[in-house]
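Working notes, structure below.
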Amino acid sequence: MNAWMQTIIQLPSILDLFSTRVEDLFSKMDHAYHRIASHYGFICNGCSDNCCFTRFYHHTFTEYLMIYLGYQKLESQLRDEIKRKSTVSSHHTNSSFICPLNIDGRCILYPNRPMICRLHGIPHELHTPGRPPYHGSGCDFFTQSFGHKESIRFDRTPFYMEMARIENELKTALELQGKLKLTIAEMILEF
């Protein structure tokens, strides 16, 4: 386990503060996402294009922390299975990749899943200061099924900004330097 993770686990007040703030942010993301998805009638039931089959890199210590907290609540036998799947997943760079948290087609840590897993699937936009707005399409399933409907884009900007604030405060509180770039599998192998 990383030294920074050992430090925060030994500071329950900081751990509680940051996990509560992230849970609140995740709840706001979910609410906003569902509002836009409902406009289209879009429900993600899993498919070959879903986020579980995409190799995402996660860049925040905050999301790493949330994965860790969810993982620690699992039974030891399930943690062992996820660790084994993480070892296999970390070596795959082709289309056979699947997130090690996907158990029987569903995320076993769904309440703790990272931001990109929460926001994947529907058309979105991001407003970065000094740059033109970025507009992203939905996943392939969304585009094929709902691309003909009037487009309402999910503005990810306020959620990215709030995650950045939380991340900066966590890094300051723990005196963390540098950046993170890990897959879920790589995170789990560090636990």
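Residue numbering restarts at 1 for every chain of the structure tokens, chains are lettered A, B, ... in their displayed order, and ligands are numbered from 1 as they appear.
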For A:Ile152: contacts at 9 Å, only C-alpha atoms, fewer than 5 positions along chain excluded, given as a PyMOL selection string = chain A and resi 36+39-40+123-124
Report as a tab-separated table the residues of stretch 33-93 of chain A within 7 Å of stretch 105-121 of chain A, each with its shortest atom pair and distance in Å (one decimal), using only C-alpha atoms, ordered by chain and increasing residue number.
```
residue	atom	partner	partner_atom	distance
A:Tyr33	CA	A:Leu119	CA	6.8
A:Cys51	CA	A:Cys117	CA	5.8
A:Glu63	CA	A:Pro114	CA	5.7
A:Met66	CA	A:Asn112	CA	5.5
A:Ile67	CA	A:Asn112	CA	5.8
A:Gly70	CA	A:Leu109	CA	5.9
```
Those same residues - C-alpha atoms - I'd like them written as a compact mmCIF listing (two decimals), in the first residue's frame.
```
# COMPACT_ATOMS: atom_id res chain seq x y z
CA TYR A 33 -26.52 12.44 -15.56
CA CYS A 51 -17.00 1.69 -19.60
CA GLU A 63 -10.96 8.49 -6.85
CA MET A 66 -12.93 5.92 -3.06
CA ILE A 67 -12.02 2.68 -4.86
CA GLY A 70 -15.25 0.38 -1.40
```
Selection: 12 Å around A:Phe142, only C-alpha atoms, excl. self and same-chain fewer than 5 positions, as a CSV table (one decimal) with all heavy atoms, in the first residue's frame:
```csv
chain,number,residue,atom,x,y,z
A,37,ALA,N,-30.0,11.7,-19.3
A,37,ALA,CA,-30.2,10.4,-19.9
A,37,ALA,C,-31.7,10.2,-20.0
A,37,ALA,O,-32.2,9.6,-21.0
A,37,ALA,CB,-29.6,9.3,-19.0
A,40,TYR,N,-33.4,11.4,-23.1
A,40,TYR,CA,-33.3,10.6,-24.3
A,40,TYR,C,-34.0,9.2,-24.1
A,40,TYR,O,-34.3,8.5,-25.1
A,40,TYR,CB,-31.8,10.3,-24.6
A,40,TYR,CG,-31.0,11.5,-25.0
A,40,TYR,CD1,-30.2,12.1,-24.1
A,40,TYR,CD2,-31.1,12.0,-26.3
A,40,TYR,CE1,-29.4,13.2,-24.5
A,40,TYR,CE2,-30.4,13.1,-26.7
A,40,TYR,CZ,-29.5,13.7,-25.8
A,40,TYR,OH,-28.8,14.8,-26.2
A,41,GLY,N,-34.3,8.9,-22.9
A,41,GLY,CA,-34.8,7.5,-22.6
A,41,GLY,C,-33.7,6.5,-22.5
A,41,GLY,O,-33.9,5.3,-22.7
A,42,PHE,N,-32.4,7.0,-22.3
A,42,PHE,CA,-31.2,6.2,-22.3
A,42,PHE,C,-31.0,5.5,-21.0
A,42,PHE,O,-31.0,6.1,-19.9
A,42,PHE,CB,-30.0,7.0,-22.7
A,42,PHE,CG,-28.7,6.3,-22.6
A,42,PHE,CD1,-28.4,5.3,-23.5
A,42,PHE,CD2,-27.8,6.5,-21.6
A,42,PHE,CE1,-27.2,4.6,-23.5
A,42,PHE,CE2,-26.6,5.9,-21.5
A,42,PHE,CZ,-26.3,4.9,-22.5
A,43,ILE,N,-30.9,4.2,-21.0
A,43,ILE,CA,-30.5,3.4,-19.8
A,43,ILE,C,-29.4,2.5,-20.2
A,43,ILE,O,-29.5,1.7,-21.2
A,43,ILE,CB,-31.7,2.6,-19.3
A,43,ILE,CG1,-32.8,3.5,-18.9
A,43,ILE,CG2,-31.3,1.7,-18.1
A,43,ILE,CD1,-34.1,2.7,-18.5
A,44,CYS,N,-28.3,2.6,-19.5
A,44,CYS,CA,-27.1,1.7,-19.8
A,44,CYS,C,-27.4,0.4,-19.1
A,44,CYS,O,-27.4,0.3,-17.9
A,44,CYS,CB,-25.8,2.3,-19.3
A,44,CYS,SG,-24.4,1.3,-19.6
A,45,ASN,N,-27.5,-0.7,-19.9
A,45,ASN,CA,-27.7,-2.0,-19.4
A,45,ASN,C,-26.4,-2.8,-19.7
A,45,ASN,O,-26.5,-4.1,-19.6
A,45,ASN,CB,-28.9,-2.7,-20.0
A,45,ASN,CG,-30.2,-2.1,-19.4
A,45,ASN,OD1,-30.3,-1.8,-18.2
A,45,ASN,ND2,-31.1,-1.9,-20.3
A,46,GLY,N,-25.4,-2.2,-20.0
A,46,GLY,CA,-24.1,-2.9,-20.3
A,46,GLY,C,-24.1,-3.3,-21.8
A,46,GLY,O,-25.1,-3.7,-22.3
A,47,CYS,N,-23.0,-3.2,-22.4
A,47,CYS,CA,-22.8,-3.6,-23.8
A,47,CYS,C,-21.3,-3.7,-24.0
A,47,CYS,O,-20.5,-3.4,-23.1
A,47,CYS,CB,-23.5,-2.6,-24.8
A,47,CYS,SG,-22.7,-1.0,-24.8
A,49,ASP,N,-19.6,-1.7,-25.6
A,49,ASP,CA,-18.9,-0.4,-25.6
A,49,ASP,C,-19.0,0.3,-24.3
A,49,ASP,O,-18.6,1.4,-24.1
A,49,ASP,CB,-19.7,0.4,-26.7
A,49,ASP,CG,-19.0,1.8,-26.9
A,49,ASP,OD1,-17.8,1.8,-26.9
A,49,ASP,OD2,-19.7,2.8,-27.0
A,50,ASN,N,-19.4,-0.4,-23.2
A,50,ASN,CA,-19.6,0.3,-21.9
A,50,ASN,C,-18.2,0.5,-21.3
A,50,ASN,O,-17.2,0.0,-21.7
A,50,ASN,CB,-20.6,-0.4,-21.0
A,50,ASN,CG,-20.0,-1.7,-20.3
A,50,ASN,OD1,-18.8,-1.8,-20.1
A,50,ASN,ND2,-20.9,-2.6,-20.0
A,120,HIS,N,-19.9,8.3,-18.5
A,120,HIS,CA,-19.7,7.7,-19.9
A,120,HIS,C,-21.1,7.4,-20.5
A,120,HIS,O,-22.0,7.1,-19.8
A,120,HIS,CB,-18.9,6.4,-19.7
A,120,HIS,CG,-18.6,5.8,-21.0
A,120,HIS,ND1,-17.7,6.3,-21.9
A,120,HIS,CD2,-19.0,4.7,-21.6
A,120,HIS,CE1,-17.5,5.6,-23.0
A,120,HIS,NE2,-18.4,4.5,-22.8
A,121,GLY,N,-21.2,7.6,-21.8
A,121,GLY,CA,-22.4,7.2,-22.5
A,121,GLY,C,-23.2,8.2,-23.2
A,121,GLY,O,-23.7,8.0,-24.3
A,122,ILE,N,-23.4,9.4,-22.6
A,122,ILE,CA,-24.3,10.4,-23.2
A,122,ILE,C,-23.5,11.5,-23.8
A,122,ILE,O,-22.4,11.7,-23.4
A,122,ILE,CB,-25.4,10.9,-22.2
A,122,ILE,CG1,-24.7,11.5,-21.0
A,122,ILE,CG2,-26.3,9.7,-21.8
A,122,ILE,CD1,-25.7,12.2,-20.0
A,123,PRO,N,-24.0,12.3,-24.7
A,123,PRO,CA,-23.3,13.4,-25.3
A,123,PRO,C,-23.0,14.4,-24.2
A,123,PRO,O,-23.7,14.6,-23.2
A,123,PRO,CB,-24.3,14.1,-26.2
A,123,PRO,CG,-25.3,13.0,-26.6
A,123,PRO,CD,-25.4,12.1,-25.4
A,137,SER,N,-19.4,13.0,-28.2
A,137,SER,CA,-20.6,12.2,-28.5
A,137,SER,C,-20.9,11.2,-27.4
A,137,SER,O,-20.1,11.0,-26.6
A,137,SER,CB,-20.4,11.6,-29.9
A,137,SER,OG,-19.4,10.6,-29.8
A,147,GLY,N,-29.3,8.9,-31.3
A,147,GLY,CA,-28.6,10.0,-32.0
A,147,GLY,C,-29.6,10.9,-32.8
A,147,GLY,O,-29.2,12.0,-33.2
A,148,HIS,N,-30.7,10.4,-33.1
A,148,HIS,CA,-31.7,11.2,-34.0
A,148,HIS,C,-32.5,12.2,-33.1
A,148,HIS,O,-33.1,13.0,-33.7
A,148,HIS,CB,-32.7,10.2,-34.6
A,148,HIS,CG,-33.5,9.4,-33.7
A,148,HIS,ND1,-33.0,8.3,-33.0
A,148,HIS,CD2,-34.8,9.5,-33.2
A,148,HIS,CE1,-33.9,7.8,-32.2
A,148,HIS,NE2,-35.0,8.5,-32.3
A,149,LYS,N,-32.5,12.0,-31.8
A,149,LYS,CA,-33.2,12.9,-30.9
A,149,LYS,C,-32.5,14.3,-30.8
A,149,LYS,O,-31.3,14.4,-31.0
A,149,LYS,CB,-33.4,12.3,-29.5
A,149,LYS,CG,-34.4,11.2,-29.5
A,149,LYS,CD,-34.7,10.9,-28.0
A,149,LYS,CE,-36.0,10.1,-28.0
A,149,LYS,NZ,-36.5,10.1,-26.6
A,151,SER,N,-30.5,17.1,-29.4
A,151,SER,CA,-29.3,16.9,-28.6
A,151,SER,C,-29.3,17.9,-27.4
A,151,SER,O,-29.5,19.1,-27.6
A,151,SER,CB,-28.1,17.2,-29.4
A,151,SER,OG,-26.9,17.0,-28.7
```
Review point. Which value, in Å to one decimal, gives the distance between atom CA of A:Glu75 and atom CA of A:Ile188?
Key: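 Atom-to-atom, atom CA of A:Glu75 to atom CA of A:Ile188, that is 14.7 Å.
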Backbone DSSP call of strand (DSSP E) for stretch 42-182 of chain A, listed as number ranges by chain: A: 102-103, 106-107, 124-126, 134-136, 154-155
Skipping near chain neighbours, those fewer than 5 positions away, what residues fall within 8 Å of stretch 167-178 of chain A using only C-alpha atoms, listed as an MDAnalysis selection string?
chainID A and resid 4 7:8 18 60:62
Would you output that residue set with N, CA, C and O atoms, as a PDB file, in the first residue's frame?
```pdb
ATOM      1  N   TRP A   4       1.020   7.361   1.149  1.00  0.00           N
ATOM      2  CA  TRP A   4      -0.028   8.375   1.311  1.00  0.00           C
ATOM      3  C   TRP A   4      -1.338   7.735   1.739  1.00  0.00           C
ATOM      4  O   TRP A   4      -2.073   8.304   2.529  1.00  0.00           O
ATOM      5  N   THR A   7      -1.163   6.958   5.391  1.00  0.00           N
ATOM      6  CA  THR A   7      -1.303   8.191   6.160  1.00  0.00           C
ATOM      7  C   THR A   7      -2.765   8.572   6.321  1.00  0.00           C
ATOM      8  O   THR A   7      -3.224   8.848   7.432  1.00  0.00           O
ATOM      9  N   ILE A   8      -3.512   8.573   5.227  1.00  0.00           N
ATOM     10  CA  ILE A   8      -4.906   9.022   5.320  1.00  0.00           C
ATOM     11  C   ILE A   8      -5.760   8.035   6.116  1.00  0.00           C
ATOM     12  O   ILE A   8      -6.678   8.432   6.826  1.00  0.00           O
ATOM     13  N   PHE A  18     -13.118  13.900   3.389  1.00  0.00           N
ATOM     14  CA  PHE A  18     -12.957  13.794   1.949  1.00  0.00           C
ATOM     15  C   PHE A  18     -13.905  12.769   1.341  1.00  0.00           C
ATOM     16  O   PHE A  18     -14.480  13.008   0.278  1.00  0.00           O
ATOM     17  N   THR A  60      -6.893  10.924 -10.293  1.00  0.00           N
ATOM     18  CA  THR A  60      -7.025  11.600  -9.004  1.00  0.00           C
ATOM     19  C   THR A  60      -6.791  10.643  -7.843  1.00  0.00           C
ATOM     20  O   THR A  60      -7.244   9.501  -7.856  1.00  0.00           O
ATOM     21  N   PHE A  61      -6.092  11.156  -6.853  1.00  0.00           N
ATOM     22  CA  PHE A  61      -5.915  10.418  -5.609  1.00  0.00           C
ATOM     23  C   PHE A  61      -7.269  10.233  -4.930  1.00  0.00           C
ATOM     24  O   PHE A  61      -7.498   9.258  -4.233  1.00  0.00           O
ATOM     25  N   THR A  62      -8.158  11.188  -5.147  1.00  0.00           N
ATOM     26  CA  THR A  62      -9.490  11.151  -4.557  1.00  0.00           C
ATOM     27  C   THR A  62     -10.263   9.923  -5.031  1.00  0.00           C
ATOM     28  O   THR A  62     -10.869   9.212  -4.222  1.00  0.00           O
TER      29      THR A  62
END
```
**Asked** Of the candidates A:Thr87, A:Gln6, A:Lys179, A:Leu189, which shows the shortest atom-to-atom distance to A:His59, using only C-alpha atoms?
**Response**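 Going through A:Thr87, A:Gln6, A:Lys179, A:Leu189 one by one, the smallest distance to A:His59 is for A:Lys179.
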Polymer residues at most 10 Å from A:Ile184, only C-alpha atoms, same-chain spacing of 2 or more positions, as a PDB file with C-alpha atoms, in the first residue's frame:
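Written file, selection_32.pdb:
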```
ATOM      1  CA  ARG A  55      -9.157   0.987 -20.510  1.00  0.00           C
ATOM      2  CA  PHE A  56      -9.546   4.249 -18.645  1.00  0.00           C
ATOM      3  CA  TYR A  57      -6.722   5.884 -16.748  1.00  0.00           C
ATOM      4  CA  HIS A  58      -7.773   7.625 -13.575  1.00  0.00           C
ATOM      5  CA  GLU A  63     -10.957   8.488  -6.846  1.00  0.00           C
ATOM      6  CA  TYR A  64      -8.187   6.086  -5.833  1.00  0.00           C
ATOM      7  CA  ILE A  67     -12.018   2.676  -4.857  1.00  0.00           C
ATOM      8  CA  SER A  86      -6.573  -7.174 -11.680  1.00  0.00           C
ATOM      9  CA  SER A  89      -6.348  -7.123 -16.623  1.00  0.00           C
ATOM     10  CA  SER A  90      -3.120  -5.227 -16.035  1.00  0.00           C
ATOM     11  CA  CYS A  99     -12.447  -3.985 -15.559  1.00  0.00           C
ATOM     12  CA  PRO A 100     -11.674  -6.297 -12.638  1.00  0.00           C
ATOM     13  CA  LEU A 101     -14.570  -4.754 -10.699  1.00  0.00           C
ATOM     14  CA  ARG A 113     -16.955   3.986  -9.180  1.00  0.00           C
ATOM     15  CA  PRO A 114     -14.815   6.770 -10.639  1.00  0.00           C
ATOM     16  CA  LYS A 181      -2.230   7.804 -13.876  1.00  0.00           C
ATOM     17  CA  LEU A 182      -3.536   4.342 -13.052  1.00  0.00           C
ATOM     18  CA  GLU A 186      -3.265  -1.024 -11.225  1.00  0.00           C
ATOM     19  CA  MET A 187      -4.865   0.682  -8.210  1.00  0.00           C
ATOM     20  CA  ILE A 188      -6.104  -2.616  -6.791  1.00  0.00           C
ATOM     21  CA  LEU A 189      -2.709  -4.244  -7.204  1.00  0.00           C
TER      22      LEU A 189
END
```
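Checking A:Leu69, A:Ala32, A:Val22, A:Cys52 one by one against A:Met5, counting only C-alpha atoms, you find the shortest gap at A:Leu69.
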For this session: Kindly indicate which residue among A:Arg131, A:Tyr160, A:Leu25, A:Asn2 lies nearest to A:Tyr68, using only C-alpha atoms for the distances.
Result: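 For A:Tyr68, the nearest of the candidates is A:Asn2.
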